[in-house]
Every structure is written in structure tokens, then in C-alpha cells.
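For reference, the structure is listed below as C-alpha cells.
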Amino acid sequence: MLKIEGLRVKYGADEVVRGVDLAVKKGECVGLVGESGCGKTTVGLSAARLIDARKGKIVSGKILFEGRDILEFDAEGLRKLRGRRISYVFQEPFSSLNPVFTVHEQLKEALREKGKAQEAISEILKSVGLEKISGKKNIYPHELSGGMQQRVMIAMAIASRPDLVILDEPTTALDVSVQNQILELIAELKEKMNLSILFISHDLRIVFSMADRINVMYAGRIVESGPKKDIVSQPRHPYTKGLIGSIPSLKNRKKRFEAIEGKTPLFSDLPKGCKFYPRCKFRIEKCEDEEPAIENISGDHFARCVRAKELV
Amino acid sequence: MELLKVKNLKKIFPKHKVAAVDGVDISISKGEIYGLVGESGCGKSTIARAILRLIEVQEGSVLYKEQDLLKMPYRKMRAFRKSLQMIFQDPHTSLDPRVKIGEIIEEVFIIHDNLSQQERRNKTLETLEMVGLGEAYLGRLPSELSGGERQRVGIARALATDPEFIICDEPVSSLDISVQAQILNLLMDLQKRKNLTYLFISHDLGVVGSICDRVSVMRKGRFVETAPCEEIFASPKHEYTKTLLNASRLHFR
């Protein structure tokens, strides 16, 4: 469905996506996980050609949607693509919805066919669990809770019956119990509509529960990728291990977390060799000089670490 | 030893008819980390603010070392504020954007202690070092810091009065999970080193479960369940606790 090859994106002088390869198959949910500022949102925005041209630029690479490179699309081609074949759900529902239009008006805009809009809107609202407001035409976004607003965003995303939905931290602004409801809704819609999903989050717990495949991103590059079960049970990159160690666990109650020390490097000041080297517990001398290539571990499992094969 | 005892606390906000906090009892021992968990709007932050008298309540008492904070004259309460501190959720809005980090901490010593300028400077640096921030941070503004670093400043500000009891109100919920782990480690280290007592508020039962000794689960102004953490995770009694537990995604580890 979606295949990103060698994507490089620059914001001014900083290269924030430094050669990313990623693929989402039909009906598959692929997770993209990493800390704030690792470039994951930029990858998501690029996949829908939503990078603000005043700020950033796709320098090189291909973004193949059903085999065609959307980087070569003109404005008309993109218009037919975005909001129809590819939808985007952002982190903060309230700032993504227009406060001066009703939910109905905004949903109507997202529909592909405008005939029988009323019925279609009711139907969509029901499918995202908003039966309560499906009959009411004059509801404004501010009258809804955060969870309901995010349901509206999802309704708008699926209204055009897209093939690919990019979800960028769709539950981060929500309480855990509401988070769960939204994630269940996404999983249910994915099955029902056979959606392909690119799921972006900093929280491995959520990505683990949603994705079939997981890509871990650090400082603008994928450092580990593989099927969920491999990443959960046999993470090979020290960064992935650190992210997993940061998850609250009852087994290690009242014990210190195996956290990652330090903070993410600035793109203007990246280390020379492996970008994770300064924070890595397993670093050796050669990590300082050369950024390792991504290597196959087994089957479909890849990691960008010189010690990946010994770190079991 | 019982450090803090909240009895039958009740708060009704004038505009709303329902009680935000509806008859709540808490008892926290010295050195304990007591968790308070529930969704947005359940009243957990209202309890925190009531304990510190940042808002006035209609009913109830808050006994700190057997003295009722709610009945205390203002002047006396001010002395008590040194030993009761709070860490806020949002490190972006709880720090004045125009004030340098060094001054934010130094201000605490100006208000509470009678020290020379040199002594104040030394204590400011000492306090920042306790939370893993060095001299380089003294002259920086909050906007130059990451979310995690800002929360460290929030913790340093609370520690500056050398408190015994700290209310942590969602201290990690706006942070990335990797930074969250760092901050939780810091809070656990400080608790051990200084034998601090925490009231730890969160909507994430996973976070509460990994650091707290006891926990109360709150819903619509009331506690639905209070128990030692091990017990609540091994056999949750209330349906609502089970829902929260399920939402915390603890089964991946």
C-alpha cells in the first residue's frame, strides 16, 4: 500500500529524517515509535505530503502509494489523494477541529459523495460510537469531551473510505481509560474496513497493542524494525531495550526503571558515529566513529547496531 | 507514624451542584508513597489543593502531625508550608517563562529562609544538583529546557524548602515514556535518600503500581477502593479498578 524509500527531510539546515525506509501492507498496522523530536511525525507528514513548504523540504527519496511516487504528484493529484485515499488523525483533537463549524458540517465536508449526506453522517457517527449525537445537527466541538472529539476526528478520517490512515499520537492527550476505548475503536474499524494504518507514538505499550510490525526511530533513522513479537520478546537495539525498560511493570515494583539516561541529541549537533552512542549502556570503542548500517537479524527483523547479534 | 490524616473531606464548587470531593478519608504514614488514581475530573487534584489550602472546602479536616491545617491561622500555616510542597503536572505552565532557573529556586530561599546572598547561591546550586541539573542551568530560561528538564526544576523548587511531605500531581503525565521513567527514578531516589512522604496522583494505574505502597482508586469524588498496591493488582475488587487496570496495559511485561 505504502512504501517509503530513502526518505530524507530537511528543516532549514537540519536534516531530521535521514534516510528512512518503511512499508505498510494492505490491511496491516505498522507502528512507528520513538521519543519526541526523533522525526517520526515528519515521516508521517511526508507520507501524506503535508510538510509545510515554508519550513521543510523533502530532499530525496520515494513515497510510493500503490506503486506510484506521490512526490511527483501535482496539486490536483494530491487533492484526489489526501482526505480520500489517505487520511490523517492528529494528536490533539481540539486544535484539529474547527471551533466555528458544527460536527455535522465538518463531517459533511469529509464525505466523498454529498448526496444523502444526512444518512451517511448518522451512519459514520454510529460506527465510531457516537450514537448519542448522530441525530443532532447543531453540536459544536467544544461541547464534546476529548475522547468524543477524537472519535469525531476518526469519523472524519474514515468518512471518505480511505485505504491508508496515518494516526499520529491519537490517544496521547487522553486519559488511559479513554485511550483504551479509542484504541479498541481503531482496531475494530481496521478489521471492518480492511484499513492500512501507520501508527505513530512515543509509547511502546500502545504500539505493542496495536501494530503488526514495529519500527523504532532514533535521531532521524530507523534503528530497529520487525514483527511485533520479535521486538517485544527479543529487542536487539539498546535503544529499544531502553524504551521497553521505561514501561511501568508490576514485576519490578518499587525498583528503579531500566531507563535511558540523558536526552535526545539536537539535529544541529548529532554525534559523529552511532547517534545513540552517548546514551548507550553497551557502547564499545568503534561505535563512536561510524554509524552502523541496518542489518538483518533473522527473518524480517532488522537492527542498526554493531552489537545487535550478541545482545540477546 | 501517621503523618497526614484527611477526614471526611468535602468540596462543592459554587457553580456546580455535585460535590467534586464527596467525603474522602486518607491516612498516610511517614515515608510512604500513597497513590491516588482516577480519570480527569474525578476530584483528585481538588484533594491535593484542599490539603495545601489552595482552595477552601466546606467540610472535613486535614491533620498534619495531628494539627488541623484547615483551621490554622494564616501566619502559622505559612510556616507549615515549608514542610508540605507540591509538584505540578505541567512543567510548561508552572514555571514563569521570564525568570531564569537559578532565580526560580533562589526565590524559595528568599521567601522562607534568612540567608546571605552567598549562602542562597550555594543552596540553589546544591538543590539543582540534587535533581541532576548542574551549574549550566542557572542562567537558562524555562523555554530553553526540555519537558523532562523543566519537571526537574519543578521538583527542585519543591525540594528547596526541605519538605517532609510532597504532593506530586500528575508529575509525569505530559512526558514521553522514556523521560517518565527518568523522572520516576529521580522521585524514588529522593524519597529513599530523604525519607520523604508522597501523595502521588496519576490517571495511570501502571505508574502508580510501579512506585506506590498503597493506592486509592477514585471516581466521581469518592474512593471506590483503597488497598496496598500488591493487593489491588492481584485481586481488584471494584469493577472500575478492573477497567483502569485493563487500560494500563501492564500485560506486556
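How things are named: the first chain in the C-alpha cells is A, the next is B, and so on; residues count from 1 in each chain; ligands count from 1 in the order shown.
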Open item on the list: Within 10 Å of chain B, which residues belong to chain A? Use only C-alpha atoms and report them as a PyMOL selection string.
Closed with: chain A and resi 34-36+172-181+201-206+208-209+232-233+242-264
Task: In segment 13-246 of chain B, DSSP alpha helix (DSSP H) residues written as an NGL selection string - done: :B and (44-51 or 74-81 or 101-112 or 117-130 or 147-159 or 177-194 or 205-211 or 229-234 or 239-246)
Task: Residue neighbourhood segment 124-141 of chain A, 9 Å, only C-alpha atoms, exclusion window fewer than 2 positions, as a ChimeraX atom specification - done: /A:94,97-105,107,118-122,143-145,148-149,151-152,154-156,158-159,182,185-186,189
TODO: Excluding Leu52 of chain B and any residue of its chain fewer than 3 positions from it, enumerate the residues within 10 Å of it, using only C-alpha atoms, and give them as a list of chain:residue names.
DONE: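 Close residues of Leu52 of chain B: B:Ile47, B:Ala48, B:Arg49, B:Ile55, B:Glu56, B:Val62, B:Leu69, B:Leu70, B:Met77, B:Phe80, B:Arg81, B:Leu84, B:Gln85, B:Met86, B:Ile167.
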Open item on the list: Please determine, counting only C-alpha atoms, which residue among A:Val306, A:Val33, A:Cys38, A:Gln106 has the shortest atom-to-atom distance to Thr240 of chain A.
Closed with: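 Of the candidates, the smallest distance to Thr240 of chain A is held by A:Val33.
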Open item on the list: At a cut-off of 12 Å, using only C-alpha atoms, what residues contact Leu270 of chain A? Leave out same-chain residues fewer than 2 positions from it and give the result as a ChimeraX atom specification.
Closed with: /A:14-16,18,38,218-220,263-268,272-278,288,291
Restricted to N, CA, C and O atoms, what would the selected residues look like written as a tab-separated table (two decimals), in the first residue's frame?
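The resulting file, part_28.tsv, is shown below:
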```tsv
chain	number	residue	atom	x	y	z
A	14	ASP	N	18.86	21.62	9.24
A	14	ASP	CA	18.83	20.35	9.97
A	14	ASP	C	18.14	19.26	9.18
A	14	ASP	O	16.99	19.42	8.76
A	15	GLU	N	18.84	18.15	9.03
A	15	GLU	CA	18.21	17.00	8.39
A	15	GLU	C	17.55	16.18	9.50
A	15	GLU	O	18.25	15.59	10.32
A	16	VAL	N	16.22	16.16	9.54
A	16	VAL	CA	15.53	15.49	10.65
A	16	VAL	C	15.05	14.09	10.28
A	16	VAL	O	14.75	13.29	11.16
A	18	ARG	N	16.72	11.11	8.10
A	18	ARG	CA	18.00	10.90	7.45
A	18	ARG	C	18.04	9.56	6.72
A	18	ARG	O	18.89	8.72	6.98
A	38	CYS	N	12.30	12.84	17.35
A	38	CYS	CA	13.14	11.88	16.64
A	38	CYS	C	12.85	11.92	15.14
A	38	CYS	O	13.54	11.30	14.35
A	218	TYR	N	15.18	6.67	15.89
A	218	TYR	CA	16.02	7.49	16.77
A	218	TYR	C	16.85	8.44	15.92
A	218	TYR	O	17.48	8.03	14.96
A	219	ALA	N	16.81	9.72	16.28
A	219	ALA	CA	17.60	10.75	15.59
A	219	ALA	C	17.50	10.66	14.06
A	219	ALA	O	18.50	10.68	13.36
A	220	GLY	N	16.26	10.53	13.57
A	220	GLY	CA	16.03	10.63	12.14
A	220	GLY	C	16.19	9.36	11.34
A	220	GLY	O	16.09	9.38	10.12
A	263	LYS	N	19.46	12.73	27.15
A	263	LYS	CA	18.32	13.15	26.33
A	263	LYS	C	18.66	13.05	24.85
A	263	LYS	O	19.83	12.92	24.47
A	264	THR	N	17.61	13.15	24.02
A	264	THR	CA	17.82	13.02	22.58
A	264	THR	C	18.72	14.15	22.07
A	264	THR	O	18.59	15.28	22.49
A	265	PRO	N	19.64	13.83	21.17
A	265	PRO	CA	20.53	14.87	20.65
A	265	PRO	C	19.77	15.84	19.75
A	265	PRO	O	18.74	15.50	19.20
A	266	LEU	N	20.30	17.05	19.63
A	266	LEU	CA	19.73	18.02	18.69
A	266	LEU	C	20.20	17.66	17.29
A	266	LEU	O	21.32	17.19	17.10
A	267	PHE	N	19.33	17.91	16.30
A	267	PHE	CA	19.73	17.59	14.93
A	267	PHE	C	20.90	18.47	14.46
A	267	PHE	O	21.65	18.10	13.58
A	268	SER	N	21.03	19.64	15.09
A	268	SER	CA	22.13	20.52	14.70
A	268	SER	C	23.45	20.05	15.31
A	268	SER	O	24.50	20.57	14.98
A	272	LYS	N	29.00	11.92	15.91
A	272	LYS	CA	29.57	11.51	14.64
A	272	LYS	C	29.22	10.06	14.27
A	272	LYS	O	28.70	9.80	13.19
A	273	GLY	N	29.44	9.15	15.17
A	273	GLY	CA	29.23	7.73	14.86
A	273	GLY	C	27.77	7.34	15.05
A	273	GLY	O	26.88	7.98	14.53
A	274	CYS	N	27.55	6.25	15.81
A	274	CYS	CA	26.19	5.85	16.15
A	274	CYS	C	25.55	6.98	16.93
A	274	CYS	O	26.12	7.51	17.88
A	275	LYS	N	24.35	7.39	16.51
A	275	LYS	CA	23.71	8.56	17.13
A	275	LYS	C	23.28	8.28	18.57
A	275	LYS	O	23.05	9.19	19.35
A	276	PHE	N	23.15	7.01	18.91
A	276	PHE	CA	22.72	6.65	20.27
A	276	PHE	C	23.92	6.44	21.20
A	276	PHE	O	23.76	6.33	22.41
A	277	TYR	N	25.10	6.44	20.61
A	277	TYR	CA	26.32	6.11	21.35
A	277	TYR	C	26.47	6.82	22.71
A	277	TYR	O	26.73	6.17	23.72
A	278	PRO	N	26.25	8.16	22.80
A	278	PRO	CA	26.49	8.82	24.10
A	278	PRO	C	25.58	8.31	25.22
A	278	PRO	O	25.91	8.46	26.39
A	288	GLU	N	31.79	5.02	18.36
A	288	GLU	CA	31.99	6.46	18.35
A	288	GLU	C	32.31	6.99	16.95
A	288	GLU	O	32.04	8.15	16.65
A	291	GLU	N	28.58	5.30	12.06
A	291	GLU	CA	27.18	4.93	12.24
A	291	GLU	C	26.94	3.59	11.56
A	291	GLU	O	27.19	3.45	10.36
```
- [ ] Rank B:Tyr240, B:Phe109, B:Phe13, B:Tyr74 by their smallest atom-to-atom distance to Ser216 of chain B, using only C-alpha atoms, and report the top residue only.
- [x]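 With only C-alpha atoms as the atom set, the closest residue is B:Tyr240.
Here atom CA of Pro14 of chain B and atom CA of Asp68 of chain B stand 24.0 Å from one another.
With atom CA of Pro171 of chain B on one side and atom CA of Asp90 of chain B on the other, the separation reads 7.4 Å.
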Open item on the list: At a cut-off of 8 Å, using only C-alpha atoms, what residues contact Gly102 of chain B? Leave out same-chain residues fewer than 5 positions from it and give the result as a PyMOL selection string.
Closed with: chain B and resi 124-125+137-140
- [ ] Using DSSP on the backbone coordinates, identify the residues of segment 75-168 of chain A assigned to strand (DSSP E); present them as a list in words.
- [x] Ile86, Ser87, Tyr88, Val89, Leu164, Val165, Ile166, Leu167 and Asp168 of chain A
Write the residues you've just listed into a file as a short mmCIF file (atom, residue, chain, number, x, y, z; two decimals), in the first residue's frame, and include C-alpha atoms for each of them.
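Printed below is out07.cif as written:
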```cif
data_model
loop_
_atom_site.label_atom_id
_atom_site.label_comp_id
_atom_site.auth_asym_id
_atom_site.auth_seq_id
_atom_site.Cartn_x
_atom_site.Cartn_y
_atom_site.Cartn_z
CA ILE A 86 -5.01 8.80 2.68
CA SER A 87 -6.39 10.27 5.95
CA TYR A 88 -4.57 11.79 8.87
CA VAL A 89 -5.53 11.89 12.56
CA LEU A 164 -4.44 4.32 4.44
CA VAL A 165 -4.88 6.15 7.74
CA ILE A 166 -1.95 7.83 9.45
CA LEU A 167 -2.55 8.14 13.20
CA ASP A 168 -0.13 10.50 14.91
#
```
Task: 12 Å contact set for Asp300 of chain A, only C-alpha atoms, chain neighbours under 4 positions out, as a list in words - done: Arg213, Ile214, Asn215, Glu224, Ser225, Gly226, Pro227, Lys228, Lys229, Asp230, Ile231, Glu295 and Asn296 of chain A
